[in-house]
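Colleague: This is the content of run.cif (mmCIF, C-alpha atoms):
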```cif
data_my_file
#
loop_
_atom_site.label_atom_id
_atom_site.label_comp_id
_atom_site.auth_asym_id
_atom_site.auth_seq_id
_atom_site.Cartn_x
_atom_site.Cartn_y
_atom_site.Cartn_z
CA MET A 1 -99.87 72.70 69.61
CA GLY A 2 -98.22 70.72 72.38
CA SER A 3 -94.71 69.40 72.34
CA THR A 4 -94.25 65.68 71.84
CA ALA A 5 -90.68 65.82 73.08
CA GLU A 6 -90.19 64.08 76.39
CA TYR A 7 -87.89 65.59 79.02
CA ILE A 8 -85.01 63.27 79.85
CA HIS A 9 -83.01 64.02 82.97
CA ARG A 10 -79.29 64.27 82.30
CA TYR A 11 -77.20 63.24 85.28
CA THR A 12 -74.07 65.17 86.20
CA ALA A 13 -70.95 63.36 87.39
CA ASP A 14 -71.77 64.10 91.06
CA GLU A 15 -75.36 62.87 90.64
CA TYR A 16 -74.09 59.77 88.84
CA TYR A 17 -71.77 58.82 91.70
CA ALA A 18 -74.49 59.46 94.29
CA GLU A 19 -77.01 57.41 92.31
CA THR A 20 -74.74 54.44 91.56
CA GLU A 21 -72.49 54.09 94.61
CA GLN A 22 -74.62 51.28 96.09
CA LEU A 23 -75.23 49.44 92.82
CA GLU A 24 -73.56 46.14 92.05
CA GLN A 25 -74.29 46.55 88.32
CA ARG A 26 -71.39 48.09 86.38
CA THR A 27 -72.42 51.38 84.76
CA GLU A 28 -71.11 54.34 82.81
CA LEU A 29 -72.42 57.86 82.30
CA LEU A 30 -72.83 58.65 78.59
CA ASP A 31 -74.15 62.10 77.69
CA GLY A 32 -75.82 62.32 81.11
CA GLU A 33 -77.50 58.91 80.78
CA ILE A 34 -76.67 56.08 83.18
CA VAL A 35 -75.91 53.06 80.99
CA ASP A 36 -75.54 49.48 82.25
CA MET A 37 -72.40 47.69 81.17
CA ALA A 38 -72.39 44.04 80.20
CA SER A 39 -70.40 41.66 82.36
CA PRO A 40 -67.19 40.83 80.50
CA SER A 41 -66.73 37.29 79.18
CA ILE A 42 -63.69 35.21 80.11
CA ARG A 43 -62.16 35.89 76.66
CA HIS A 44 -62.81 39.62 77.14
CA GLN A 45 -61.08 39.60 80.53
CA GLU A 46 -58.11 37.60 79.27
CA LEU A 47 -57.58 39.92 76.29
CA SER A 48 -57.78 42.96 78.53
CA ALA A 49 -55.31 41.50 81.04
CA GLU A 50 -52.80 40.46 78.37
CA MET A 51 -52.95 43.85 76.63
CA LEU A 52 -52.41 45.56 79.95
CA THR A 53 -49.41 43.33 80.64
CA ALA A 54 -47.88 44.09 77.22
CA PHE A 55 -48.32 47.84 77.76
CA ARG A 56 -46.94 47.76 81.31
CA THR A 57 -43.93 45.74 80.17
CA PHE A 58 -43.24 48.30 77.44
CA VAL A 59 -43.44 51.20 79.91
CA LYS A 60 -41.14 49.44 82.41
CA GLN A 61 -38.58 48.73 79.69
CA ASN A 62 -38.75 52.18 78.10
CA GLY A 63 -39.54 54.49 81.00
CA GLY A 64 -41.83 57.46 80.76
CA LYS A 65 -44.77 58.84 82.65
CA CYS A 66 -47.55 56.86 80.93
CA ARG A 67 -49.69 54.55 83.05
CA PRO A 68 -51.51 51.61 81.43
CA LEU A 69 -54.66 50.80 83.43
CA ALA A 70 -57.82 48.73 83.14
CA THR A 71 -61.39 49.37 84.26
CA VAL A 72 -60.68 52.76 85.85
CA ASP A 73 -63.28 55.54 85.84
CA VAL A 74 -62.46 58.28 83.35
CA LYS A 75 -64.32 61.56 83.75
CA LEU A 76 -64.23 63.09 80.30
CA ASP A 77 -66.55 65.95 81.33
CA ASP A 78 -69.46 66.53 83.71
CA LEU A 79 -71.86 64.38 81.63
CA ASN A 80 -69.51 61.54 80.64
CA ILE A 81 -67.79 58.99 82.85
CA VAL A 82 -66.52 55.93 81.01
CA VAL A 83 -64.73 52.79 82.14
CA PRO A 84 -62.44 51.71 79.29
CA ASP A 85 -61.33 48.09 79.12
CA VAL A 86 -57.73 49.29 78.75
CA MET A 87 -56.34 52.81 78.72
CA ILE A 88 -52.99 54.54 78.69
CA ALA A 89 -52.85 57.87 80.49
CA CYS A 90 -49.74 60.01 80.16
CA ASP A 91 -50.65 63.09 82.25
CA PRO A 92 -50.10 62.31 85.95
CA GLU A 93 -51.76 65.61 86.94
CA LYS A 94 -55.16 64.30 85.80
CA PHE A 95 -55.35 61.50 88.39
CA ASP A 96 -57.16 61.80 91.68
CA GLU A 97 -57.88 59.05 94.23
CA GLN A 98 -60.86 57.68 92.30
CA LYS A 99 -60.49 58.43 88.62
CA TYR A 100 -58.70 59.99 85.69
CA ASN A 101 -60.01 63.46 84.83
CA GLY A 102 -59.76 64.11 81.11
CA ALA A 103 -59.03 62.19 77.95
CA PRO A 104 -56.50 59.35 78.17
CA ASP A 105 -53.97 59.14 75.35
CA PHE A 106 -55.07 55.63 74.36
CA VAL A 107 -58.29 53.66 74.86
CA ALA A 108 -59.12 50.07 73.88
CA GLU A 109 -62.66 48.74 74.12
CA ILE A 110 -63.33 45.03 73.68
CA VAL A 111 -66.73 44.66 72.07
CA SER A 112 -69.39 42.73 73.94
CA SER A 113 -73.18 42.90 73.86
CA ASN A 114 -73.23 46.70 73.91
CA ARG A 115 -71.68 46.95 70.42
CA SER A 116 -73.35 50.23 69.44
CA ASN A 117 -71.82 52.04 72.40
CA ASP A 118 -68.27 51.07 71.36
CA PHE A 119 -68.76 51.65 67.61
CA ASP A 120 -70.92 54.78 67.80
CA ARG A 121 -71.38 56.63 71.07
CA LYS A 122 -67.91 56.07 72.50
CA LEU A 123 -66.17 56.56 69.16
CA TRP A 124 -67.65 60.04 68.87
CA LEU A 125 -67.16 60.77 72.57
CA TYR A 126 -63.50 59.71 72.62
CA ARG A 127 -62.70 61.66 69.48
CA ARG A 128 -64.48 64.79 70.73
CA SER A 129 -62.83 64.54 74.16
CA GLY A 130 -59.25 64.39 72.84
CA VAL A 131 -58.33 60.70 73.05
CA ARG A 132 -55.41 60.33 70.65
CA GLU A 133 -55.78 56.62 69.78
CA TYR A 134 -58.84 54.36 70.06
CA TRP A 135 -58.95 50.61 69.37
CA ILE A 136 -62.22 48.74 68.98
CA ILE A 137 -61.43 45.05 69.42
CA ASP A 138 -64.15 42.79 68.04
CA PRO A 139 -63.57 39.17 69.15
CA LYS A 140 -66.64 37.87 67.31
CA HIS A 141 -65.27 38.96 63.92
CA GLU A 142 -61.59 38.88 64.97
CA LYS A 143 -61.04 42.44 63.74
CA VAL A 144 -59.54 45.54 65.34
CA LEU A 145 -60.45 49.05 64.20
CA VAL A 146 -57.66 51.49 65.05
CA TYR A 147 -58.39 55.20 65.07
CA PHE A 148 -55.41 57.54 65.38
CA PHE A 149 -57.30 60.80 65.55
CA GLU A 150 -54.20 62.99 65.23
CA GLU A 151 -53.80 61.85 61.63
CA THR A 152 -57.21 60.76 60.31
CA SER A 153 -60.79 60.04 61.26
CA CYS A 154 -60.80 56.84 59.19
CA PRO A 155 -59.84 53.61 60.94
CA GLU A 156 -57.14 51.16 60.00
CA VAL A 157 -58.57 47.63 60.12
CA TYR A 158 -56.47 44.70 61.34
CA ASP A 159 -57.23 41.03 61.82
CA PHE A 160 -56.18 39.26 65.01
CA HIS A 161 -53.04 37.79 63.35
CA THR A 162 -51.53 41.07 62.13
CA PRO A 163 -49.18 43.12 64.33
CA ILE A 164 -50.87 46.40 65.27
CA PRO A 165 -48.60 49.40 65.93
CA VAL A 166 -49.32 51.54 68.97
CA HIS A 167 -49.27 55.00 67.38
CA ILE A 168 -48.97 57.03 70.60
CA TRP A 169 -45.58 55.38 71.12
CA GLU A 170 -44.40 56.12 67.56
CA ASN A 171 -45.02 52.47 66.55
CA ARG A 172 -42.19 51.22 68.80
CA LEU A 173 -44.59 48.61 70.18
CA THR A 174 -46.82 46.30 68.16
CA VAL A 175 -49.51 44.03 69.54
CA THR A 176 -50.79 40.90 67.84
CA ILE A 177 -54.14 39.99 69.39
CA ALA A 178 -53.91 36.29 68.43
CA GLU A 179 -50.60 36.02 70.28
CA LEU A 180 -52.17 37.52 73.40
CA GLU A 181 -54.83 34.83 73.32
CA ARG A 182 -52.28 32.00 73.23
CA VAL A 183 -50.65 33.00 76.49
#
```
I need this file expressed as structure tokens, please.
Modeller:
Amino acid sequence: MGSTAEYIHRYTADEYYAETEQLEQRTELLDGEIVDMASPSIRHQELSAEMLTAFRTFVKQNGGKCRPLATVDVKLDDLNIVVPDVMIACDPEKFDEQKYNGAPDFVAEIVSSNRSNDFDRKLWLYRRSGVREYWIIDPKHEKVLVYFFEETSCPEVYDFHTPIPVHIWENRLTVTIAELERV
């Protein structure tokens, strides 16, 4: 009896970079599969930029080694390279010239047409990789799912008008998505 399973090539990080370096299409490597990323909408870009500004302002005012960044390659392992919309990385030793190597402390993904990646694949991947806090921001439904994996695997759900505490900073900063959109 023959096997009906089809062999699927899984790309390594080195193969991924070699394969995609000339592409204009934005991509990620998820479980060894090269996945196209949707182009972000204007609202998506504005939310990302305003969150990044709020996080950078907090770091400048409070000091510390954390670096808020947007759209930077994150090599979680040899089969997974993601490009979070916003991340906070607190281990300066994990940076090289091109990317962050390991799990950031905080990741926010703003949902676009690739919804299942943010809600399913990346949720599992970020949790497994050691991301401490993961926000899924859903502009269509104006909801934010906040996972603080150090305490629970169940999300806290916020609407865009409710202040959301940033758990990795002991709730000393809150972000209200609706206020970011009014800027």
Colleague: Got a sec to resolve the PyMOL selection byres ((chain A and resi 54) around 10) on this structure and send the residues as a ChimeraX atom specification?
Modeller: /A:49-53,55-59,68,173-175,180
Colleague: Once the PyMOL selection byres ((chain A and resi 90) around 12) has been applied to the shown file, what residues remain in the selection, as a VMD selection string?
Modeller: chain A and resid 59 63 to 69 87 to 89 91 to 95 100 to 107 131 to 132 168 to 169
Colleague: Using the chain letters and numbers from the file, which residues does the PyMOL selection byres ((chain A and resi 31-38) around 7) grab, as an MDAnalysis selection string?
Modeller: chainID A and resid 10:12 25:30 39:40 79:80 113:114
Colleague: Just the number, please: distance in Å from atom CA of A:Glu181 to atom CA of A:Glu46, one decimal.
Modeller: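 Atom CA of A:Glu46 lies 7.3 Å from atom CA of A:Glu181.
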Colleague: Select, counting only C-alpha atoms, all protein, DNA and RNA residues no farther than 12 Å from (-52.9, 34.9, 62.8) in file coordinates, and express the selection as a PyMOL selection string.
Modeller: chain A and resi 142-143+158-164+175-182
Colleague: Could you tell me how far atom CA of A:His167 sits from atom CA of A:Thr71, in Å to one decimal place?
Modeller: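 A separation of 21.5 Å between them.
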Colleague: Figure out the distance between atom CA of A:Ala108 and atom CA of A:Ser153, please, to one decimal in Å.
Modeller: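 Separation of atom CA of A:Ser153 and atom CA of A:Ala108: 16.2 Å.
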Colleague: Do you know which residues lie at most 6 Å from (-52.8, 60.6, 67.0), with coordinates as in the file and only C-alpha atoms counted, and could you write them as a list in words?
Modeller: Arg132, Glu133, Phe148, Phe149, Glu150 and Glu151 of chain A
Colleague: Could those residues be written to a file, using C-alpha atoms, as a PDB file, in the coordinates of the input?
Modeller:
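Result saved to again17.pdb:
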```
ATOM      1  CA  ARG A 132     -55.410  60.330  70.650  1.00  0.00           C
ATOM      2  CA  GLU A 133     -55.780  56.620  69.780  1.00  0.00           C
ATOM      3  CA  PHE A 148     -55.410  57.540  65.380  1.00  0.00           C
ATOM      4  CA  PHE A 149     -57.300  60.800  65.550  1.00  0.00           C
ATOM      5  CA  GLU A 150     -54.200  62.990  65.230  1.00  0.00           C
ATOM      6  CA  GLU A 151     -53.800  61.850  61.630  1.00  0.00           C
TER       7      GLU A 151
END
```
Colleague: Return the single residue from A:Glu24, A:Val82, A:Glu170, A:Glu97 that is closest to A:Asn117, with distances computed using all atoms listed in the file.
Modeller: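 Answer, going by the shortest atom-to-atom distance: A:Val82.
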Colleague: Can you sort out the box for stretch 51-68 of chain A, edges along x, y and z, all listed atoms in, 4 Å on every side, with centre and edge lengths in Å to one decimal, as lines of an AutoDock Vina configuration file?
Modeller:
```
center_x = -45.8
center_y = 51.1
center_z = 79.8
size_x = 22.4
size_y = 23.5
size_z = 14.4
```
Colleague: Select, from A:Asp77, A:Ala70, A:Tyr147, A:Asn62, the residue with the minimum atom-to-atom distance to A:Asp14, counting all atoms listed in the file.
Modeller: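 Nearest to A:Asp14: A:Asp77.
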Colleague: Name the residues in contact with A:Pro139 at a cut-off of 9 Å, using all atoms listed in the file, excluding same-chain residues fewer than 6 positions from it; report them as a list in words.
Modeller: Arg43, His44, Ile110, Val111, Ser112 and Phe160 of chain A
Colleague: Pick out the closest residue to A:Val83 from this set: A:Asp96, A:Lys122, A:Ile42, A:Trp135. Count all atoms listed in the file.
Modeller: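 For A:Val83, the nearest of the candidates is A:Lys122.
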Colleague: Using the atoms already present, construct N, CA and C atoms for stretch 6-18 of chain A and hand them back as a compact mmCIF listing (two decimals), in the frame of the given file.
Modeller:
```txt
# COMPACT_ATOMS: atom_id res chain seq x y z
N GLU A 6 -90.17 64.48 74.99
CA GLU A 6 -90.19 64.08 76.39
C GLU A 6 -88.91 64.57 77.07
N TYR A 7 -89.06 65.12 78.27
CA TYR A 7 -87.89 65.59 79.02
C TYR A 7 -87.14 64.38 79.56
N ILE A 8 -85.86 64.34 79.33
CA ILE A 8 -85.01 63.27 79.85
C ILE A 8 -83.98 63.91 80.77
N HIS A 9 -83.97 63.47 82.01
CA HIS A 9 -83.01 64.02 82.97
C HIS A 9 -81.60 63.60 82.57
N ARG A 10 -80.70 64.54 82.56
CA ARG A 10 -79.29 64.27 82.30
C ARG A 10 -78.55 64.36 83.63
N TYR A 11 -77.94 63.28 84.02
CA TYR A 11 -77.20 63.24 85.28
C TYR A 11 -75.85 63.93 85.12
N THR A 12 -75.43 64.63 86.15
CA THR A 12 -74.07 65.17 86.20
C THR A 12 -73.18 64.10 86.83
N ALA A 13 -71.88 64.32 86.80
CA ALA A 13 -70.95 63.36 87.39
C ALA A 13 -71.24 63.15 88.88
N ASP A 14 -71.47 64.24 89.62
CA ASP A 14 -71.77 64.10 91.06
C ASP A 14 -73.05 63.32 91.29
N GLU A 15 -74.09 63.61 90.51
CA GLU A 15 -75.36 62.87 90.64
C GLU A 15 -75.16 61.40 90.29
N TYR A 16 -74.37 61.15 89.27
CA TYR A 16 -74.09 59.77 88.84
C TYR A 16 -73.46 58.98 89.98
N TYR A 17 -72.43 59.55 90.62
CA TYR A 17 -71.77 58.82 91.70
C TYR A 17 -72.71 58.62 92.88
N ALA A 18 -73.53 59.60 93.20
CA ALA A 18 -74.49 59.46 94.29
C ALA A 18 -75.53 58.39 93.97
```
